[in-house]
$ cat work.cif   # mmCIF, C-alpha atoms
data_my_file
loop_
_atom_site.label_atom_id
_atom_site.label_comp_id
_atom_site.auth_asym_id
_atom_site.auth_seq_id
_atom_site.Cartn_x
_atom_site.Cartn_y
_atom_site.Cartn_z
CA MET A 29 0.00 0.00 0.00
CA SER A 30 1.11 3.57 -0.67
CA ASN A 31 2.85 5.99 1.66
CA SER A 32 -0.35 8.04 1.75
CA HIS A 33 -1.99 5.12 3.52
CA GLU A 34 0.83 4.98 6.05
CA GLU A 35 0.38 8.68 6.72
CA MET A 36 -3.35 8.10 7.19
CA TRP A 37 -2.74 5.19 9.57
CA GLU A 38 -0.26 7.28 11.54
CA LYS A 39 -2.85 10.06 11.91
CA LEU A 40 -5.25 7.40 13.21
CA ASN A 41 -2.62 6.52 15.85
CA LEU A 42 -2.14 2.93 14.66
CA ASP A 43 0.92 0.95 15.74
CA LEU A 44 2.48 1.04 12.27
CA GLU A 45 4.96 -1.78 12.80
CA ALA A 46 2.40 -4.16 14.30
CA HIS A 47 -0.15 -3.14 11.69
CA ALA A 48 2.29 -3.92 8.88
CA GLY A 49 2.81 -7.35 10.40
CA LEU A 50 -0.97 -7.88 10.57
CA LEU A 51 -1.41 -7.01 6.89
CA GLN A 52 1.43 -9.34 5.91
CA VAL A 53 -0.04 -12.26 7.83
CA LEU A 54 -3.55 -11.50 6.54
CA GLY A 55 -2.30 -11.37 2.94
CA LYS A 56 -0.60 -14.77 3.17
CA PHE A 57 -3.56 -16.32 4.99
CA TYR A 58 -5.93 -14.99 2.34
CA GLY A 59 -3.75 -16.24 -0.49
CA ASP A 60 -3.55 -19.75 0.96
CA ILE A 61 -7.29 -20.03 1.62
CA TYR A 62 -8.85 -18.07 -1.23
CA MET A 63 -6.48 -17.57 -4.15
CA SER A 64 -5.63 -21.28 -4.22
CA GLN A 65 -9.23 -22.17 -5.19
CA GLN A 66 -10.02 -23.45 -8.66
CA GLY A 67 -12.95 -22.28 -10.77
CA ARG A 68 -13.65 -19.02 -8.95
CA LEU A 69 -16.10 -16.57 -10.49
CA ARG A 70 -14.67 -13.50 -12.23
CA GLY A 71 -16.84 -11.36 -9.99
CA MET A 72 -14.81 -12.46 -6.98
CA GLU A 73 -11.97 -10.23 -8.23
CA TYR A 74 -13.89 -7.27 -6.83
CA LEU A 75 -14.13 -8.94 -3.40
CA ASP A 76 -10.40 -9.75 -3.55
CA PHE A 77 -9.70 -6.08 -4.27
CA VAL A 78 -11.95 -4.84 -1.46
CA LEU A 79 -10.26 -7.08 1.07
CA SER A 80 -6.78 -6.12 -0.17
CA GLU A 81 -7.72 -2.46 0.44
CA VAL A 82 -9.99 -2.93 3.45
CA HIS A 83 -7.53 -0.98 5.62
CA GLY A 84 -6.49 1.28 2.72
CA LEU A 85 -8.87 2.74 0.17
CA ARG A 86 -11.98 1.94 2.23
CA ILE A 87 -10.53 3.76 5.24
CA LYS A 88 -9.64 6.70 2.96
CA GLU A 89 -13.27 6.77 1.81
CA LEU A 90 -14.36 6.96 5.43
CA GLN A 91 -11.83 9.71 6.20
CA ASP A 92 -12.99 11.69 3.17
CA ALA A 93 -16.59 11.27 4.31
CA LYS A 94 -15.66 12.52 7.79
CA ALA A 95 -13.91 15.53 6.25
CA ALA A 96 -17.18 16.26 4.41
CA GLY A 97 -19.07 16.24 7.71
CA LYS A 98 -20.40 12.68 7.82
CA LYS A 99 -20.23 10.63 11.02
CA ILE A 100 -19.03 7.02 11.20
CA VAL A 101 -20.88 4.56 13.44
CA GLY A 102 -19.23 1.23 14.27
CA THR A 103 -21.25 -1.80 15.35
CA PHE A 104 -20.69 -5.34 16.62
CA CYS A 105 -24.08 -6.89 15.95
CA VAL A 106 -26.80 -7.26 13.30
CA PHE A 107 -29.35 -5.98 15.82
CA VAL A 108 -28.16 -2.39 15.32
CA PRO A 109 -30.46 -0.90 12.63
CA GLU A 110 -28.27 0.53 9.89
CA GLU A 111 -31.32 2.19 8.36
CA ILE A 112 -31.37 4.75 11.17
CA VAL A 113 -27.69 5.64 10.72
CA LEU A 114 -28.10 6.04 6.96
CA ALA A 115 -31.27 8.11 7.38
CA ALA A 116 -29.28 10.54 9.53
CA GLY A 117 -26.60 10.89 6.84
CA GLY A 118 -24.10 8.65 8.63
CA ILE A 119 -22.10 5.59 7.58
CA GLN A 120 -22.25 2.30 9.49
CA VAL A 121 -19.42 -0.24 9.51
CA GLY A 122 -18.96 -3.61 11.20
CA LEU A 123 -16.22 -3.89 13.82
CA CYS A 124 -16.17 -7.52 14.95
CA ALA A 125 -12.72 -9.01 14.59
CA GLY A 126 -11.77 -12.58 13.77
CA ALA A 127 -8.07 -12.83 14.56
CA GLU A 128 -5.94 -13.53 17.64
CA ILE A 129 -3.65 -10.56 17.07
CA GLY A 130 -3.99 -8.32 20.12
CA LYS A 131 -4.97 -11.26 22.33
CA GLY A 132 -2.12 -10.55 24.77
CA GLU A 133 -3.27 -6.98 25.34
CA ALA A 134 -6.89 -8.09 25.68
CA GLU A 135 -6.04 -10.65 28.36
CA LYS A 136 -4.55 -7.88 30.49
CA VAL A 137 -8.08 -6.57 31.05
CA LEU A 138 -10.29 -9.59 30.26
CA PRO A 139 -10.41 -13.10 31.76
CA ARG A 140 -8.63 -15.72 29.64
CA ASN A 141 -11.85 -17.73 29.43
CA THR A 142 -13.56 -14.98 27.41
CA CYS A 143 -14.72 -15.83 23.89
CA ALA A 144 -12.25 -15.12 21.09
CA LEU A 145 -14.48 -12.58 19.35
CA ILE A 146 -14.64 -10.34 22.41
CA LYS A 147 -10.90 -10.66 23.07
CA SER A 148 -10.27 -9.88 19.42
CA PHE A 149 -12.16 -6.58 19.21
CA VAL A 150 -10.80 -5.44 22.59
CA GLY A 151 -7.32 -6.54 21.57
CA PHE A 152 -7.50 -4.70 18.26
CA LYS A 153 -8.35 -1.50 20.13
CA LEU A 154 -5.72 -1.82 22.84
CA SER A 155 -3.06 -2.83 20.29
CA ARG A 156 -4.01 0.07 17.97
CA LEU A 157 -4.48 -2.21 14.98
CA CYS A 158 -7.94 -1.41 13.59
CA PRO A 159 -8.40 1.74 11.48
CA PHE A 160 -12.17 1.15 11.44
CA ILE A 161 -12.39 1.50 15.21
CA GLU A 162 -10.19 4.60 15.13
CA SER A 163 -12.37 6.14 12.39
CA CYS A 164 -15.59 5.88 14.40
CA ASP A 165 -17.39 8.84 15.93
CA LEU A 166 -19.66 6.44 17.83
CA ILE A 167 -19.36 2.74 18.64
CA VAL A 168 -22.58 0.84 19.36
CA GLY A 169 -22.61 -2.20 21.60
CA GLU A 170 -25.52 -4.42 22.57
CA THR A 171 -26.52 -6.83 25.33
CA THR A 172 -26.61 -10.09 23.33
CA CYS A 173 -24.34 -11.80 25.87
CA ASP A 174 -22.89 -11.11 29.31
CA GLY A 175 -19.33 -11.19 27.99
CA LYS A 176 -19.95 -8.43 25.47
CA LYS A 177 -22.03 -6.44 27.94
CA LYS A 178 -19.22 -6.26 30.47
CA ALA A 179 -16.48 -5.86 27.84
CA TYR A 180 -18.15 -2.69 26.58
CA GLU A 181 -17.68 -1.20 30.05
CA ILE A 182 -13.93 -1.62 29.57
CA PHE A 183 -14.03 -0.59 25.91
CA SER A 184 -15.76 2.67 26.87
CA ASP A 185 -12.57 3.75 28.66
CA TYR A 186 -10.92 4.03 25.24
CA SER A 187 -13.71 4.88 22.75
CA PRO A 188 -17.16 6.51 22.80
CA VAL A 189 -19.56 3.58 23.34
CA TYR A 190 -23.35 3.51 23.28
CA VAL A 191 -25.11 0.28 24.32
CA MET A 192 -28.51 -0.92 23.10
CA GLU A 193 -30.50 -3.27 25.32
CA ILE A 194 -31.61 -6.35 23.39
CA PRO A 195 -34.72 -8.15 24.72
CA GLN A 196 -34.17 -11.73 25.85
CA MET A 197 -37.71 -12.95 25.10
CA LYS A 198 -40.33 -12.14 22.46
CA ASN A 199 -43.44 -11.23 24.42
CA ASN A 200 -45.43 -8.01 23.95
CA SER A 201 -43.49 -6.38 26.80
CA ASP A 202 -40.22 -7.26 25.03
CA ARG A 203 -41.40 -5.66 21.81
CA LYS A 204 -42.25 -2.49 23.76
CA LEU A 205 -38.76 -2.53 25.25
CA TRP A 206 -37.19 -2.96 21.82
CA ARG A 207 -39.28 -0.14 20.36
CA SER A 208 -38.10 2.17 23.13
CA GLU A 209 -34.51 1.14 22.37
CA ILE A 210 -34.97 1.90 18.66
CA LEU A 211 -36.31 5.36 19.57
CA ARG A 212 -33.47 5.94 22.04
CA PHE A 213 -30.95 4.91 19.37
CA LYS A 214 -32.59 7.26 16.87
CA ASP A 215 -32.17 10.13 19.32
CA GLN A 216 -28.51 9.25 19.89
CA VAL A 217 -27.77 9.03 16.15
CA GLU A 218 -29.47 12.37 15.52
CA GLU A 219 -27.36 13.90 18.28
CA THR A 220 -24.14 12.37 16.94
CA THR A 221 -24.74 13.37 13.32
CA GLY A 222 -26.50 16.67 13.97
CA ASN A 223 -29.17 15.62 11.47
CA LYS A 224 -32.88 15.05 12.01
CA ILE A 225 -34.29 11.80 10.62
CA THR A 226 -37.29 12.45 8.37
CA ALA A 227 -39.83 10.01 6.95
CA GLU A 228 -38.46 10.56 3.45
CA ARG A 229 -34.85 9.86 4.43
CA LEU A 230 -35.78 6.82 6.50
CA ARG A 231 -37.85 5.44 3.60
CA GLU A 232 -34.83 5.77 1.30
CA ALA A 233 -32.54 4.12 3.86
CA ILE A 234 -34.92 1.20 4.40
CA HIS A 235 -35.07 0.62 0.65
CA LEU A 236 -31.28 0.83 0.31
CA VAL A 237 -30.60 -1.75 3.03
CA ASN A 238 -33.41 -3.99 1.76
CA GLU A 239 -31.82 -3.93 -1.71
CA ARG A 240 -28.57 -5.21 -0.24
CA ARG A 241 -30.48 -7.93 1.61
CA ARG A 242 -32.29 -8.85 -1.61
CA VAL A 243 -29.08 -9.33 -3.57
CA LEU A 244 -27.70 -11.53 -0.77
CA GLN A 245 -30.97 -13.46 -0.73
CA ARG A 246 -30.50 -13.98 -4.46
CA LEU A 247 -26.98 -15.24 -3.82
CA ASN A 248 -28.32 -17.71 -1.24
CA SER A 249 -31.01 -18.87 -3.67
CA LEU A 250 -28.44 -19.51 -6.40
CA ARG A 251 -26.20 -21.38 -3.95
CA ALA A 252 -29.02 -23.86 -3.40
CA SER A 253 -28.42 -25.24 -6.91
CA VAL A 254 -27.10 -28.78 -7.31
CA PRO A 255 -24.19 -29.09 -7.96
CA ALA A 256 -22.83 -26.16 -5.93
CA PRO A 257 -21.90 -23.24 -8.22
CA ILE A 258 -19.78 -21.29 -5.68
CA SER A 259 -17.63 -22.30 -2.73
CA GLY A 260 -18.75 -21.66 0.81
CA ARG A 261 -15.56 -19.70 1.40
CA ASP A 262 -16.34 -17.24 -1.38
CA ALA A 263 -19.96 -16.86 -0.27
CA LEU A 264 -18.81 -16.23 3.31
CA LEU A 265 -16.38 -13.58 2.08
CA ILE A 266 -19.20 -11.81 0.22
CA ASN A 267 -21.32 -11.72 3.38
CA GLN A 268 -18.36 -10.54 5.49
CA ILE A 269 -17.55 -7.67 3.13
CA SER A 270 -21.19 -6.53 3.14
CA PHE A 271 -20.50 -5.11 6.62
CA TYR A 272 -17.60 -2.92 5.41
CA ASP A 273 -18.29 -1.84 1.86
CA ASP A 274 -20.36 1.04 0.55
CA PRO A 275 -23.90 -0.44 0.38
CA VAL A 276 -24.83 0.95 -3.05
CA ARG A 277 -21.59 -0.18 -4.70
CA PHE A 278 -21.66 -3.55 -2.95
CA THR A 279 -25.23 -4.26 -4.06
CA ALA A 280 -24.41 -3.44 -7.69
CA LYS A 281 -21.26 -5.58 -7.72
CA ILE A 282 -22.91 -8.59 -6.08
CA GLY A 283 -25.80 -8.25 -8.53
CA GLU A 284 -23.26 -8.61 -11.36
CA LEU A 285 -21.68 -11.60 -9.62
CA CYS A 286 -25.12 -13.22 -9.25
CA ASP A 287 -25.70 -12.74 -12.99
CA GLU A 288 -22.44 -14.61 -13.62
CA LEU A 289 -23.47 -17.25 -11.12
CA ASP A 290 -26.82 -17.66 -12.89
CA ASP A 291 -25.02 -18.20 -16.21
CA ARG A 292 -22.77 -20.81 -14.61
CA ILE A 293 -25.78 -22.72 -13.27
CA LYS A 294 -27.54 -22.65 -16.67
CA SER A 295 -24.43 -24.05 -18.33
CA GLY A 296 -24.12 -26.81 -15.72
CA GLY A 297 -20.95 -25.41 -14.17
CA SER A 298 -19.89 -26.21 -10.63
CA VAL A 299 -17.20 -25.34 -8.14
CA ALA A 300 -17.01 -28.90 -6.82
CA PRO A 301 -17.13 -32.34 -8.48
CA LYS A 302 -20.48 -34.02 -8.86
CA GLY A 303 -21.45 -35.88 -5.71
CA THR A 304 -19.43 -33.66 -3.36
CA THR A 305 -21.00 -33.73 0.12
CA ARG A 306 -23.18 -30.67 0.75
CA LEU A 307 -22.93 -29.27 4.29
CA MET A 308 -24.35 -26.28 6.11
CA LEU A 309 -22.69 -24.20 8.83
CA SER A 310 -24.72 -23.04 11.80
CA GLY A 311 -24.00 -20.99 14.91
CA CYS A 312 -21.63 -18.17 15.80
CA PRO A 313 -20.73 -15.42 13.33
CA MET A 314 -17.40 -15.60 11.50
CA ALA A 315 -15.76 -12.19 11.25
CA VAL A 316 -12.80 -11.43 8.95
CA PRO A 317 -10.34 -13.22 8.89
CA ASN A 318 -11.98 -16.19 10.64
CA TRP A 319 -11.84 -18.63 7.71
CA LYS A 320 -10.26 -21.60 9.51
CA LEU A 321 -13.24 -23.93 9.78
CA PRO A 322 -14.67 -23.26 6.27
CA TYR A 323 -11.23 -24.00 4.81
CA ILE A 324 -10.98 -27.25 6.79
CA ILE A 325 -14.46 -28.33 5.68
CA GLU A 326 -13.90 -27.58 2.01
CA SER A 327 -10.51 -29.31 2.13
CA SER A 328 -12.14 -32.45 3.51
CA GLY A 329 -14.31 -33.50 0.57
CA ALA A 330 -17.30 -31.24 1.24
CA VAL A 331 -18.75 -27.96 0.03
CA ILE A 332 -20.57 -25.44 2.24
CA VAL A 333 -23.87 -24.36 0.67
CA GLY A 334 -25.28 -22.16 3.44
CA GLU A 335 -24.54 -20.38 6.73
CA GLU A 336 -27.12 -20.04 9.48
CA SER A 337 -25.37 -17.25 11.34
CA CYS A 338 -25.27 -13.48 11.78
CA ILE A 339 -22.85 -13.39 8.85
CA GLY A 340 -25.30 -15.38 6.76
CA THR A 341 -29.05 -15.89 6.64
CA ARG A 342 -29.76 -14.45 10.10
CA ASN A 343 -28.67 -11.08 8.72
CA THR A 344 -30.40 -11.28 5.33
CA ARG A 345 -33.46 -13.53 5.69
CA ASP A 346 -36.00 -10.84 6.65
CA LEU A 347 -36.78 -7.53 4.94
CA VAL A 348 -38.23 -4.38 6.48
CA ASP A 349 -41.81 -3.80 5.31
CA GLU A 350 -41.67 -0.82 2.93
CA GLY A 351 -45.41 -0.15 3.02
CA ALA A 352 -45.43 2.44 5.84
CA ARG A 353 -45.69 6.14 4.92
CA THR A 354 -45.26 7.86 8.29
CA LEU A 355 -42.11 8.04 10.38
CA ASP A 356 -43.80 6.18 13.25
CA GLY A 357 -45.00 3.49 10.84
CA MET A 358 -41.48 2.99 9.50
CA LEU A 359 -40.04 2.79 12.99
CA ASP A 360 -42.62 0.11 13.81
CA ALA A 361 -41.58 -1.76 10.66
CA LEU A 362 -37.95 -1.65 11.86
CA VAL A 363 -38.98 -2.94 15.29
CA ASP A 364 -40.90 -5.85 13.73
CA ARG A 365 -38.11 -6.82 11.33
CA TYR A 366 -35.31 -6.79 13.89
CA MET A 367 -37.41 -8.71 16.42
CA GLN A 368 -37.43 -11.60 13.92
CA ILE A 369 -33.69 -12.15 14.42
CA ASP A 370 -33.28 -15.56 16.08
CA CYS A 371 -30.08 -14.95 18.07
CA ALA A 372 -29.20 -17.50 20.74
CA CYS A 373 -29.64 -14.75 23.34
CA PHE A 374 -33.40 -15.41 23.19
CA THR A 375 -35.24 -17.88 25.38
CA PRO A 376 -37.03 -19.92 24.29
CA ASN A 377 -35.57 -19.88 20.78
CA THR A 378 -37.86 -22.24 18.89
CA GLU A 379 -37.81 -19.94 15.83
CA ARG A 380 -34.14 -20.68 15.28
CA LEU A 381 -34.67 -24.43 15.52
CA GLY A 382 -37.38 -24.31 12.86
CA ASN A 383 -35.33 -22.06 10.62
CA ILE A 384 -32.29 -24.34 10.80
CA VAL A 385 -34.25 -27.49 9.90
CA LYS A 386 -36.05 -25.74 7.04
CA MET A 387 -32.83 -24.31 5.68
CA ALA A 388 -31.04 -27.67 5.83
CA LYS A 389 -33.89 -29.33 3.93
CA ASP A 390 -34.15 -26.54 1.34
CA LEU A 391 -30.42 -26.74 0.64
CA LYS A 392 -30.49 -30.55 0.41
CA VAL A 393 -27.55 -30.89 2.77
CA LYS A 394 -26.16 -34.18 4.04
CA GLY A 395 -25.37 -32.70 7.42
CA VAL A 396 -24.91 -29.58 9.54
CA ILE A 397 -21.78 -28.45 11.36
CA HIS A 398 -22.72 -26.37 14.38
CA TYR A 399 -19.92 -23.93 15.16
CA ALA A 400 -19.47 -22.22 18.51
CA LEU A 401 -16.58 -20.11 19.70
CA SER A 402 -15.00 -21.46 22.87
CA PHE A 403 -16.66 -19.90 25.96
CA CYS A 404 -19.66 -18.67 23.91
CA GLN A 405 -22.32 -19.96 26.27
CA PRO A 406 -25.48 -19.05 24.28
CA TYR A 407 -24.50 -20.96 21.14
CA SER A 408 -22.61 -23.75 22.88
CA ILE A 409 -25.59 -24.54 25.12
CA GLU A 410 -28.15 -24.13 22.34
CA ALA A 411 -26.27 -26.73 20.27
CA TYR A 412 -28.08 -29.39 22.32
CA LYS A 413 -31.49 -28.19 21.14
CA VAL A 414 -30.26 -27.70 17.58
CA GLU A 415 -28.93 -31.25 17.37
CA LYS A 416 -32.19 -32.63 18.81
CA ALA A 417 -34.22 -30.77 16.17
CA LEU A 418 -31.94 -31.80 13.31
CA THR A 419 -31.66 -35.47 14.24
CA GLY A 420 -35.44 -35.54 14.65
CA ALA A 421 -35.62 -34.43 11.01
CA GLY A 422 -33.11 -37.10 9.96
CA ILE A 423 -30.21 -34.66 9.49
CA PRO A 424 -26.91 -35.45 11.24
CA MET A 425 -25.03 -32.71 13.10
CA LEU A 426 -21.44 -32.26 14.24
CA ALA A 427 -20.88 -29.78 17.10
CA ILE A 428 -17.53 -27.99 17.05
CA GLU A 429 -16.11 -25.54 19.57
CA THR A 430 -12.93 -23.72 18.66
CA ASP A 431 -11.23 -20.32 18.73
CA TYR A 432 -9.10 -18.34 16.28
CA GLY A 433 -5.88 -20.25 16.99
CA MET A 434 -4.34 -22.79 14.62
CA GLU A 435 -3.29 -25.34 17.25
CA ASP A 436 -6.35 -27.55 16.76
CA VAL A 437 -6.41 -27.58 12.93
CA GLU A 438 -5.35 -31.22 12.58
CA GLN A 439 -7.76 -32.37 15.28
CA LEU A 440 -10.62 -30.49 13.64
CA LYS A 441 -9.72 -31.86 10.22
CA THR A 442 -9.85 -35.42 11.56
CA ARG A 443 -13.30 -34.84 13.05
CA VAL A 444 -14.66 -33.11 9.95
CA GLU A 445 -13.32 -35.79 7.60
CA ALA A 446 -14.97 -38.48 9.74
CA PHE A 447 -18.26 -36.56 9.68
CA VAL A 448 -18.11 -36.12 5.90
CA GLU A 449 -17.42 -39.83 5.46
CA MET A 450 -20.30 -40.71 7.78
CA THR A 451 -22.79 -38.48 5.91
CA ARG A 452 -21.95 -40.21 2.64
#

$ encode --input "work.cif" --output "structure tokens"
Amino acid sequence: MSNSHEEMWEKLNLDLEAHAGLLQVLGKFYGDIYMSQQGRLRGMEYLDFVLSEVHGLRIKELQDAKAAGKKIVGTFCVFVPEEIVLAAGGIQVGLCAGAEIGKGEAEKVLPRNTCALIKSFVGFKLSRLCPFIESCDLIVGETTCDGKKKAYEIFSDYSPVYVMEIPQMKNNSDRKLWRSEILRFKDQVEETTGNKITAERLREAIHLVNERRRVLQRLNSLRASVPAPISGRDALLINQISFYDDPVRFTAKIGELCDELDDRIKSGGSVAPKGTTRLMLSGCPMAVPNWKLPYIIESSGAVIVGEESCIGTRNTRDLVDEGARTLDGMLDALVDRYMQIDCACFTPNTERLGNIVKMAKDLKVKGVIHYALSFCQPYSIEAYKVEKALTGAGIPMLAIETDYGMEDVEQLKTRVEAFVEMTR
């Protein structure tokens, strides 16, 4: 990357030496996992470029936007309604981190038995490695788990943090709570940006975010084809980048990629040999560059055809109703849409069980791999119910707990290979 990027990173107070090491490791990791694939779509070149410049040109875009008066809002969860940020003239970016770099700094303030995702985003901040975090005017946390909830108290010592309360059940009283949180968030975003949210601007924002969801829904629909026309790794990358990239540009580029994918399906093309075992991933989100498990799976005689996670269908399955004409009506539509998210923080969570079984059947998978980060209690515990629902539907499941480290790669590969062989 150019010297101008180094100057920008220095202004953002990054640790330049450590950051250079991060980019070097990330580049090699990406090359080994992604560029080694055969039969990739031409449209993936755009995603390759975005990731290669995710700390470069994209950060420059954000800095230019800030210079023009826009505010940057960073988030850790799909519960935070991007529509409100966009309607106030802001830009929203995802901040969850998927690497161990910064773990040492994080463990100075967090218990060692904290999930890797939490240690990662705290570590990135304390190690001064993430230009997205340093670009934010406001960082939004949420109460989806106790670990995150308490970590934000520490994080707030270093960055401006606003926390949304997420209901833990789905009764009428919980919807009222969530509506009050949406209104409170709207007030905070208006204060941060200095802009009032109008019905017209919120309508435009809802449509914009829905369009991005629609193109990702189209991608998921095309992935359901037999044989698989795109690797699970590439589809995961597309979903990951949707949290960073400009939404209008991203939607247009993924629309073009879907056109190419459609042509491949019509011509009988595939990314994997006929008869390759079709599997689905379920569970915790996988933030960049957490590609370990997908790489292991697709190097073990299987292809991933769907992800039931926050970086997957949980984020794209439901649209916001665009029928409302008043501001209050649109806010109600946002409340209803986001209350459909079936995060493991909810109890009971029967919606998620039904969605997983339906998705596995629709995708014609031979099995489901349920992924939980070590020490992630909601997803680790809910794996019991998920397995019970899947086996009741005649679909085998393998439960895996791991972190971002590479020490267990061979052990995981042995387990995944045995599962793939069993599902055949």

$ closest_residue --input "work.cif" --among "A:Ala372, A:Leu265, A:Leu347, A:Ile146" --to "Asn238 of chain A" --atoms "all atoms listed in the file"
A:Leu347

$ closest_residue --input "work.cif" --among "A:Asp202, A:Glu193, A:Glu410, A:Asp165" --to "Gly97 of chain A" --atoms "all atoms listed in the file"
A:Asp165

$ residues_around --input "work.cif" --residues "segment 245-247 of chain A" --least-positions-apart "3" --cutoff "7 Å" --atoms "only C-alpha atoms" --output "list in words"
Arg241, Arg242, Leu250, Arg251, Cys286, Thr344 and Arg345 of chain A

$ resolve_selection --input "work.cif" --expression "the PyMOL selection byres ((chain A and resi 448-452) around 7)" --output "list in words"
Thr305, Ala330, Lys394, Gly395, Val444, Glu445, Ala446 and Phe447 of chain A

$ resolve_selection --input "work.cif" --expression "the PyMOL selection byres ((chain A and resi 147) around 12)" --output "ChimeraX atom specification"
/A:124-146,148-155,175-176,178-180,182-183,401-404,431-432

$ residues_around --input "work.cif" --residues "Ile119 of chain A" --least-positions-apart "5" --cutoff "9 Å" --atoms "only C-alpha atoms" --output "list in words"
Leu90, Ala93, Lys98, Lys99, Ile100, Val101, Gly102, Glu110, Val113, Leu114 and Asp274 of chain A

$ residues_around --input "work.cif" --residues "Ala361 of chain A" --least-positions-apart "6" --cutoff "10 Å" --atoms "all atoms listed in the file" --output "PyMOL selection string"
chain A and resi 234+347-352+355+367

$ write_last_selection --input "work.cif" --atoms "C-alpha atoms" --output "mmCIF file, in the frame of the given file"
data_model
loop_
_atom_site.group_PDB
_atom_site.id
_atom_site.type_symbol
_atom_site.label_atom_id
_atom_site.label_comp_id
_atom_site.auth_asym_id
_atom_site.auth_seq_id
_atom_site.Cartn_x
_atom_site.Cartn_y
_atom_site.Cartn_z
ATOM 1 C CA ILE A 234 -34.920 1.200 4.400
ATOM 2 C CA LEU A 347 -36.780 -7.530 4.940
ATOM 3 C CA VAL A 348 -38.230 -4.380 6.480
ATOM 4 C CA ASP A 349 -41.810 -3.800 5.310
ATOM 5 C CA GLU A 350 -41.670 -0.820 2.930
ATOM 6 C CA GLY A 351 -45.410 -0.150 3.020
ATOM 7 C CA ALA A 352 -45.430 2.440 5.840
ATOM 8 C CA LEU A 355 -42.110 8.040 10.380
ATOM 9 C CA MET A 367 -37.410 -8.710 16.420
#

$ residues_near_point --input "work.cif" --point "(-24.6, -12.2, -2.2)" --cutoff "6 Å" --atoms "all atoms listed in the file" --output "ChimeraX atom specification"
/A:243-244,247,266,282

$ write_last_selection --input "work.cif" --atoms "C-alpha atoms" --output "CSV table (one decimal), in the frame of the given file"
chain,number,residue,atom,x,y,z
A,243,VAL,CA,-29.1,-9.3,-3.6
A,244,LEU,CA,-27.7,-11.5,-0.8
A,247,LEU,CA,-27.0,-15.2,-3.8
A,266,ILE,CA,-19.2,-11.8,0.2
A,282,ILE,CA,-22.9,-8.6,-6.1

$ atom_distance --input "work.cif" --atom1 "atom CA of Leu51 of chain A" --atom2 "atom CA of Gly122 of chain A"
18.4 Å

$ atom_distance --input "work.cif" --atom1 "atom CA of Gly117 of chain A" --atom2 "atom CA of Asp76 of chain A"
28.2 Å

$ build_atoms --input "work.cif" --residues "segment 366-378 of chain A" --atoms "N, CA and C atoms" --output "tab-separated table (two decimals), in the coordinates of the input"
chain	number	residue	atom	x	y	z
A	366	TYR	N	-36.45	-6.41	13.07
A	366	TYR	CA	-35.31	-6.79	13.89
A	366	TYR	C	-35.69	-7.74	15.02
A	367	MET	N	-36.97	-7.74	15.41
A	367	MET	CA	-37.41	-8.71	16.42
A	367	MET	C	-37.50	-10.13	15.84
A	368	GLN	N	-37.41	-10.27	14.53
A	368	GLN	CA	-37.43	-11.60	13.92
A	368	GLN	C	-36.07	-12.29	13.97
A	369	ILE	N	-35.02	-11.55	14.32
A	369	ILE	CA	-33.69	-12.15	14.42
A	369	ILE	C	-33.72	-13.24	15.50
A	370	ASP	N	-33.20	-14.42	15.15
A	370	ASP	CA	-33.28	-15.56	16.08
A	370	ASP	C	-31.93	-15.85	16.74
A	371	CYS	N	-31.35	-14.81	17.34
A	371	CYS	CA	-30.08	-14.95	18.07
A	371	CYS	C	-30.25	-15.90	19.24
A	372	ALA	N	-29.16	-16.57	19.61
A	372	ALA	CA	-29.20	-17.50	20.74
A	372	ALA	C	-29.36	-16.80	22.08
A	373	CYS	N	-29.39	-15.48	22.07
A	373	CYS	CA	-29.64	-14.75	23.34
A	373	CYS	C	-31.10	-14.89	23.78
A	374	PHE	N	-31.98	-15.31	22.85
A	374	PHE	CA	-33.40	-15.41	23.19
A	374	PHE	C	-33.74	-16.73	23.86
A	375	THR	N	-34.72	-16.67	24.74
A	375	THR	CA	-35.24	-17.88	25.38
A	375	THR	C	-36.75	-17.77	25.53
A	376	PRO	N	-37.50	-18.78	25.08
A	376	PRO	CA	-37.03	-19.92	24.29
A	376	PRO	C	-36.70	-19.46	22.86
A	377	ASN	N	-36.01	-20.28	22.11
A	377	ASN	CA	-35.57	-19.88	20.78
A	377	ASN	C	-36.03	-20.89	19.73
A	378	THR	N	-37.31	-21.23	19.80
A	378	THR	CA	-37.86	-22.24	18.89
A	378	THR	C	-37.82	-21.78	17.44
